[in-house]
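model.txt (compact mmCIF, C-alpha atoms)
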# COMPACT_ATOMS: atom_id res chain seq x y z
CA MET A 110 -44.37 -24.78 45.77
CA LEU A 111 -41.10 -26.48 44.88
CA ARG A 112 -38.69 -27.49 47.65
CA ILE A 113 -34.94 -27.59 46.91
CA GLY A 114 -33.13 -28.90 49.98
CA SER A 115 -34.23 -26.66 52.80
CA MET A 116 -35.21 -23.84 50.35
CA VAL A 117 -38.78 -23.57 49.17
CA LEU A 118 -39.44 -21.94 45.76
CA THR A 119 -42.65 -20.23 44.89
CA GLU A 120 -44.46 -20.78 41.60
CA ALA A 121 -43.20 -17.40 40.35
CA ALA A 122 -39.60 -18.35 41.09
CA LYS A 123 -40.15 -21.68 39.38
CA ARG A 124 -41.42 -19.95 36.22
CA TRP A 125 -38.46 -17.54 36.33
CA LEU A 126 -36.00 -20.44 36.42
CA VAL A 127 -37.71 -22.11 33.47
CA TRP A 128 -37.66 -18.92 31.37
CA SER A 129 -34.03 -18.29 32.31
CA ALA A 130 -33.13 -21.75 31.08
CA VAL A 131 -35.04 -21.19 27.82
CA VAL A 132 -33.36 -17.81 27.21
CA THR A 133 -29.95 -19.32 27.95
CA VAL A 134 -30.55 -22.09 25.42
CA ILE A 135 -31.72 -19.56 22.78
CA LEU A 136 -28.67 -17.34 23.34
CA ALA A 137 -26.36 -20.34 23.13
CA LEU A 138 -27.95 -21.42 19.84
CA ARG A 139 -27.71 -17.87 18.46
CA ILE A 140 -24.04 -17.53 19.41
CA GLY A 141 -23.35 -20.93 17.91
CA CYS A 142 -24.98 -19.93 14.61
CA VAL A 143 -23.00 -16.68 14.46
CA LEU A 144 -19.71 -18.45 15.14
CA TYR A 145 -20.56 -21.06 12.52
CA ASP A 146 -21.37 -18.44 9.88
CA ARG A 147 -18.14 -16.58 10.61
CA SER A 148 -16.10 -19.74 10.33
CA ARG A 149 -17.43 -20.44 6.83
CA PRO A 150 -15.54 -18.90 3.88
CA SER A 151 -17.43 -15.83 2.71
CA PRO A 152 -18.47 -15.79 -0.96
CA SER A 153 -16.32 -13.45 -3.04
CA ARG A 154 -18.06 -10.27 -4.11
CA PRO A 155 -17.64 -9.12 -7.68
CA VAL A 156 -15.39 -6.06 -7.94
CA VAL A 157 -17.13 -3.27 -9.79
CA GLN A 158 -14.56 -1.26 -11.73
CA ARG A 159 -15.17 2.08 -13.38
CA PRO A 160 -14.70 1.84 -17.13
CA VAL A 161 -11.38 3.23 -18.32
CA GLU A 162 -11.89 6.46 -20.23
CA LYS A 163 -10.66 5.92 -23.77
CA ASP A 164 -9.02 9.36 -23.80
CA TYR A 165 -6.54 8.05 -21.20
CA LEU A 166 -5.45 5.32 -23.61
CA VAL A 167 -4.60 7.78 -26.37
CA ILE A 168 -0.91 8.36 -27.08
CA VAL A 169 -0.42 12.02 -27.99
CA PRO A 170 2.67 12.45 -30.22
CA LYS A 171 5.46 14.44 -28.55
CA PHE A 172 7.59 17.08 -30.23
CA SER A 173 10.93 15.86 -28.86
CA ILE A 174 12.46 19.32 -29.30
CA ASP A 175 15.07 20.49 -26.82
CA ASP A 176 16.95 23.29 -28.58
CA LEU A 177 16.75 25.84 -31.40
CA GLU A 178 18.40 23.55 -33.92
CA SER A 179 15.95 20.68 -33.43
CA ALA A 180 13.04 23.15 -33.60
CA GLN A 181 13.96 24.07 -37.18
CA LYS A 182 12.46 20.79 -38.40
CA LEU A 183 9.02 22.28 -37.72
CA VAL A 184 9.39 24.96 -40.39
CA GLY A 185 6.73 24.34 -43.02
CA GLN A 186 4.68 22.03 -40.80
CA THR A 187 1.11 22.62 -39.62
CA LEU A 188 0.39 22.54 -35.89
CA TRP A 189 -2.92 22.58 -34.01
CA VAL A 190 -3.45 24.76 -30.93
CA LYS A 191 -3.85 22.82 -27.69
CA ALA A 192 -3.86 25.76 -25.23
CA GLY A 193 -6.82 27.57 -26.76
CA TYR A 194 -7.89 30.87 -25.15
CA GLN A 195 -4.62 30.82 -23.17
CA ALA A 196 -1.63 30.84 -25.53
CA GLU A 197 -0.90 34.36 -26.80
CA TYR A 198 0.53 35.68 -30.05
CA PHE A 199 1.43 39.13 -31.33
CA THR A 200 2.25 41.00 -34.50
CA TYR A 201 5.86 40.49 -35.44
CA PRO A 202 7.30 43.81 -36.81
CA ALA A 203 10.08 44.20 -39.36
CA SER A 204 12.33 45.55 -36.60
CA LYS A 205 12.12 42.12 -34.93
CA ARG A 206 11.13 43.81 -31.66
CA LEU A 207 7.85 44.38 -29.91
CA THR A 208 6.35 47.86 -29.69
CA THR A 209 4.00 49.12 -27.00
CA GLU A 210 1.27 49.71 -29.58
CA GLN A 211 1.07 46.06 -30.48
CA SER A 212 -2.04 44.19 -29.45
CA ILE A 213 -1.87 40.76 -27.88
CA HIS A 214 -4.15 38.05 -29.25
CA LYS A 215 -5.11 34.61 -27.98
CA PHE A 216 -5.36 31.48 -30.07
CA ASP A 217 -8.70 29.77 -30.53
CA PRO A 218 -8.86 26.09 -29.56
CA LEU A 219 -7.80 23.80 -32.43
CA GLU A 220 -6.62 26.76 -34.51
CA LYS A 221 -4.24 25.65 -37.27
CA VAL A 222 -0.81 27.28 -37.47
CA THR A 223 1.73 26.78 -40.26
CA VAL A 224 5.26 27.38 -39.00
CA HIS A 225 7.20 29.92 -41.10
CA GLY A 226 10.23 30.15 -38.87
CA ILE A 227 11.77 29.57 -35.42
CA ILE A 228 14.05 32.32 -34.11
CA GLU A 229 15.64 33.67 -30.93
CA ARG A 230 15.55 37.19 -29.54
CA THR A 231 16.70 38.84 -26.33
CA GLY A 232 14.02 38.63 -23.68
CA SER A 233 12.39 41.76 -22.32
CA SER A 234 12.67 40.71 -18.66
CA ARG A 235 16.29 39.58 -18.27
CA ASP A 236 19.10 40.08 -20.74
CA ARG A 237 20.61 36.71 -19.88
CA GLU A 238 17.47 35.01 -21.20
CA LYS A 239 16.54 34.66 -24.84
CA GLU A 240 13.03 33.99 -26.05
CA VAL A 241 12.35 31.35 -28.69
CA LEU A 242 9.64 32.54 -31.07
CA LEU A 243 7.54 30.65 -33.58
CA LEU A 244 6.65 32.77 -36.61
CA PHE A 245 3.49 32.26 -38.66
CA GLN A 246 1.14 34.18 -40.93
CA LYS A 247 -2.53 34.93 -40.47
CA ASP A 248 -4.78 37.08 -42.66
CA GLY A 249 -1.75 38.20 -44.64
CA LYS A 250 0.13 39.43 -41.56
CA GLU A 251 3.10 37.95 -39.73
CA PHE A 252 2.76 36.98 -36.10
CA ALA A 253 4.87 35.33 -33.43
CA THR A 254 4.26 33.33 -30.29
CA GLN A 255 6.74 32.36 -27.61
CA VAL A 256 7.53 28.64 -27.55
CA GLY A 257 10.62 28.53 -25.35
CA LEU A 258 13.42 30.18 -23.38
CA PHE A 259 17.19 29.95 -23.46
CA ASP A 260 19.15 30.60 -20.27
CA SER A 261 22.53 32.03 -21.30
CA ASP A 262 24.06 31.26 -17.91
CA GLU A 263 22.91 27.64 -17.77
CA LYS A 264 23.29 27.15 -21.53
CA GLN A 265 19.95 25.35 -21.49
CA TYR A 266 16.66 25.56 -23.38
CA GLN A 267 13.18 25.21 -21.95
CA MET A 268 10.63 24.42 -24.68
CA PHE A 269 6.82 24.64 -24.39
CA PHE A 270 5.71 23.00 -27.65
CA ASP A 271 3.91 20.07 -25.99
CA ASP A 272 1.93 22.45 -23.77
CA LEU A 273 0.90 24.76 -26.61
CA PHE A 274 0.34 22.65 -29.71
CA TYR A 275 -0.57 19.27 -31.13
CA LEU A 276 1.94 17.86 -33.58
CA LYS A 277 -0.79 15.78 -35.23
CA ASP A 278 -4.36 16.61 -36.22
CA PRO A 279 -6.47 16.01 -33.06
CA HIS A 280 -9.16 14.43 -35.27
CA GLU A 281 -6.67 11.63 -35.91
CA ILE A 282 -5.41 11.48 -32.32
CA TYR A 283 -8.93 11.20 -30.85
CA ASP A 284 -10.41 9.19 -33.69
CA HIS A 285 -12.78 7.39 -31.28
CA TRP A 286 -14.90 10.55 -30.99
CA ASN A 287 -17.85 10.65 -33.37
CA ARG A 288 -18.77 13.45 -35.77
CA GLU A 289 -21.46 14.83 -33.48
CA THR A 290 -18.93 15.25 -30.67
CA TRP A 291 -16.45 17.03 -32.94
CA ALA A 292 -19.20 19.34 -34.22
CA LYS A 293 -20.07 20.35 -30.64
CA ILE A 294 -16.40 20.93 -29.80
CA GLN A 295 -15.83 23.12 -32.85
CA ALA A 296 -18.97 25.12 -32.01
CA HIS A 297 -17.66 25.52 -28.41
CA HIS A 298 -20.71 23.76 -27.03
CA LEU A 299 -20.94 21.94 -23.71
CA GLU A 300 -22.88 18.75 -23.05
CA PRO A 301 -23.20 16.34 -20.09
CA GLY A 302 -20.93 13.33 -20.47
CA MET A 303 -18.09 15.19 -22.18
CA THR A 304 -14.59 14.21 -21.08
CA TYR A 305 -12.09 16.75 -19.77
CA THR A 306 -10.16 16.72 -23.06
CA GLN A 307 -13.34 17.39 -25.04
CA VAL A 308 -14.29 20.30 -22.79
CA ALA A 309 -10.74 21.70 -22.91
CA LEU A 310 -10.82 21.70 -26.72
CA SER A 311 -14.22 23.40 -26.61
CA LEU A 312 -13.73 25.99 -23.83
CA GLY A 313 -9.95 26.04 -23.42
CA ASN A 314 -7.88 24.46 -20.65
CA GLY A 315 -9.34 24.55 -17.15
CA ASN A 316 -7.85 24.92 -13.67
CA LEU A 317 -8.42 22.28 -11.00
CA VAL A 318 -10.43 23.72 -8.09
CA THR A 319 -11.00 20.75 -5.77
CA THR A 320 -10.84 16.96 -5.70
CA GLY A 321 -13.74 15.23 -3.98
CA ALA A 322 -14.64 11.77 -2.73
CA GLY A 323 -14.27 8.97 -5.22
CA GLY A 324 -11.82 10.94 -7.32
CA THR A 325 -14.32 13.50 -8.61
CA GLN A 326 -12.65 16.70 -9.78
CA LEU A 327 -14.05 20.22 -10.07
CA TYR A 328 -12.50 22.39 -12.81
CA GLN A 329 -13.02 26.03 -13.67
CA PHE A 330 -12.85 27.22 -17.27
CA ASN A 331 -12.51 30.85 -18.34
CA HIS A 332 -15.06 30.66 -21.14
CA ARG A 333 -18.76 29.91 -21.36
CA PRO A 334 -20.42 27.60 -23.87
CA GLY A 335 -20.40 29.34 -27.22
CA GLY A 336 -16.90 30.73 -26.68
CA GLU A 337 -17.82 33.87 -24.71
CA ALA A 338 -15.50 34.97 -21.91
CA GLY A 339 -16.78 34.01 -18.46
CA LYS A 340 -16.43 31.43 -15.71
CA THR A 341 -17.72 27.89 -16.13
CA ARG A 342 -17.31 25.21 -13.46
CA ILE A 343 -17.63 21.54 -14.34
CA ARG A 344 -17.36 18.46 -12.13
CA PHE A 345 -15.84 15.37 -13.73
CA ILE A 346 -16.69 11.98 -12.21
Please render this file's structure as structure tokens.
Amino acid sequence: MLRIGSMVLTEAAKRWLVWSAVVTVILALRIGCVLYDRSRPSPSRPVVQRPVEKDYLVIVPKFSIDDLESAQKLVGQTLWVKAGYQAEYFTYPASKRLTTEQSIHKFDPLEKVTVHGIIERTGSSRDREKEVLLLFQKDGKEFATQVGLFDSDEKQYQMFFDDLFYLKDPHEIYDHWNRETWAKIQAHHLEPGMTYTQVALSLGNGNLVTTGAGGTQLYQFNHRPGGEAGKTRIRFI
């Protein structure tokens, strides 16, 4: 037994004191190592960046049309449909007015349109509004599609050219796409790895459904691969 002053310690108590001292030393060393590591400058971690999609770097030519007069410069020019399966056109009768028997058609993606004229007519919904129509021919018939509105009260035009058409051949705009990609787009095919623009030119424009973690986006398109009507959902990462 160990005697400390008037107190006598047993062998068990002696061993407990020794182990307590050892544990205290180990904890002190551990805390010291942690504090030392934290005080050192941490090595910089390389920042992993997602590659920039080349489509985002493309500059799509704008129409810069804000009234009926400036729209006349398009007469004789060829445009390419951007809003495929969405933008509508109709037979344009000699009376210059729609009839209830007329059928409404939708443009195919990338369809070429040669502008034969740009005119105004009184809108069917409100007399104070005038519709701006683009006239073109197809299969020997004359058709029209609405490309703008004129508010008679505000004396102001609202033009939709940039939403409906490309001013320049998309093959030249997206010249970084290879021939195989263009062939799949023109056949309305769908393949993993396609960008949103490629899918939109193949199946028509989509509608955003949700945005997920990391910026992933889920879109719904109103056509299936091959060009048939139907719902197709695609997630873009």
(request) Give the answer as one residue: which of A:Ile343, A:Leu219, A:Ile135, A:Leu299 has the shortest atom-to-atom distance to Trp189 of chain A, using all atoms listed in the file? (result) A:Leu219
Selection: 7 Å around Arg230 of chain A, all atoms listed in the file, excl. self and same-chain fewer than 3 positions, as an mmCIF file with C-alpha atoms, in the frame of the given file:
data_model
loop_
_atom_site.group_PDB
_atom_site.id
_atom_site.type_symbol
_atom_site.label_atom_id
_atom_site.label_comp_id
_atom_site.auth_asym_id
_atom_site.auth_seq_id
_atom_site.Cartn_x
_atom_site.Cartn_y
_atom_site.Cartn_z
ATOM 1 C CA LYS A 239 16.540 34.660 -24.840
ATOM 2 C CA GLU A 240 13.030 33.990 -26.050
ATOM 3 C CA VAL A 241 12.350 31.350 -28.690
#
(message) Between atom CA of Tyr198 of chain A and atom CA of Ile213 of chain A, what is the distance in Å, rounded to a tenth?
(response) 6.0 Å
(message) Give me, as a ChimeraX atom specification, all polymer residues having an atom no more than 10 Å from Val169 of chain A, counting all atoms listed in the file and skipping those fewer than 3 positions away in the same chain.
(response) /A:164-166,172,271,275-277,279,282-283
Take the residues from that selection and write them out as a CSV table (one decimal), keeping the file's coordinate frame, keeping C-alpha atoms.
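result-v7.csv, written as the output of this step:
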chain,number,residue,atom,x,y,z
A,164,ASP,CA,-9.0,9.4,-23.8
A,165,TYR,CA,-6.5,8.0,-21.2
A,166,LEU,CA,-5.4,5.3,-23.6
A,172,PHE,CA,7.6,17.1,-30.2
A,271,ASP,CA,3.9,20.1,-26.0
A,275,TYR,CA,-0.6,19.3,-31.1
A,276,LEU,CA,1.9,17.9,-33.6
A,277,LYS,CA,-0.8,15.8,-35.2
A,279,PRO,CA,-6.5,16.0,-33.1
A,282,ILE,CA,-5.4,11.5,-32.3
A,283,TYR,CA,-8.9,11.2,-30.8
(request) Could you tell me which of A:Leu273, A:Leu258, A:Leu243, A:Met303 comes closest to Trp286 of chain A if we count all atoms listed in the file? (result) A:Met303
(request) For each of A:Gly313, A:Gly249, A:Gly185, A:Gly321, take the minimum atom-to-atom distance to Glu337 of chain A, counting only C-alpha atoms, then give the residue where this is smallest. (result)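 The closest residue to Glu337 of chain A is A:Gly313.
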(request) For Gln295 of chain A, work out the shell of residues within 12 Å, counting all atoms listed in the file and skipping chain neighbours fewer than 3 positions away, then give it as an MDAnalysis selection string. (result) chainID A and resid 193 217:220 279:280 288:292 298:299 307:313 334:336
(request) Please measure the separation of atom CA of Arg344 of chain A and atom CA of Phe270 of chain A, giving the value in Å to one decimal. (result) 28.2 Å
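Omitting Ile346 of chain A and its sequence neighbours fewer than 2 positions away, and counting all atoms listed in the file, the residues within 9 Å are Gly323, Gly324, Thr325, Gln326, Leu327 and Arg344 of chain A.
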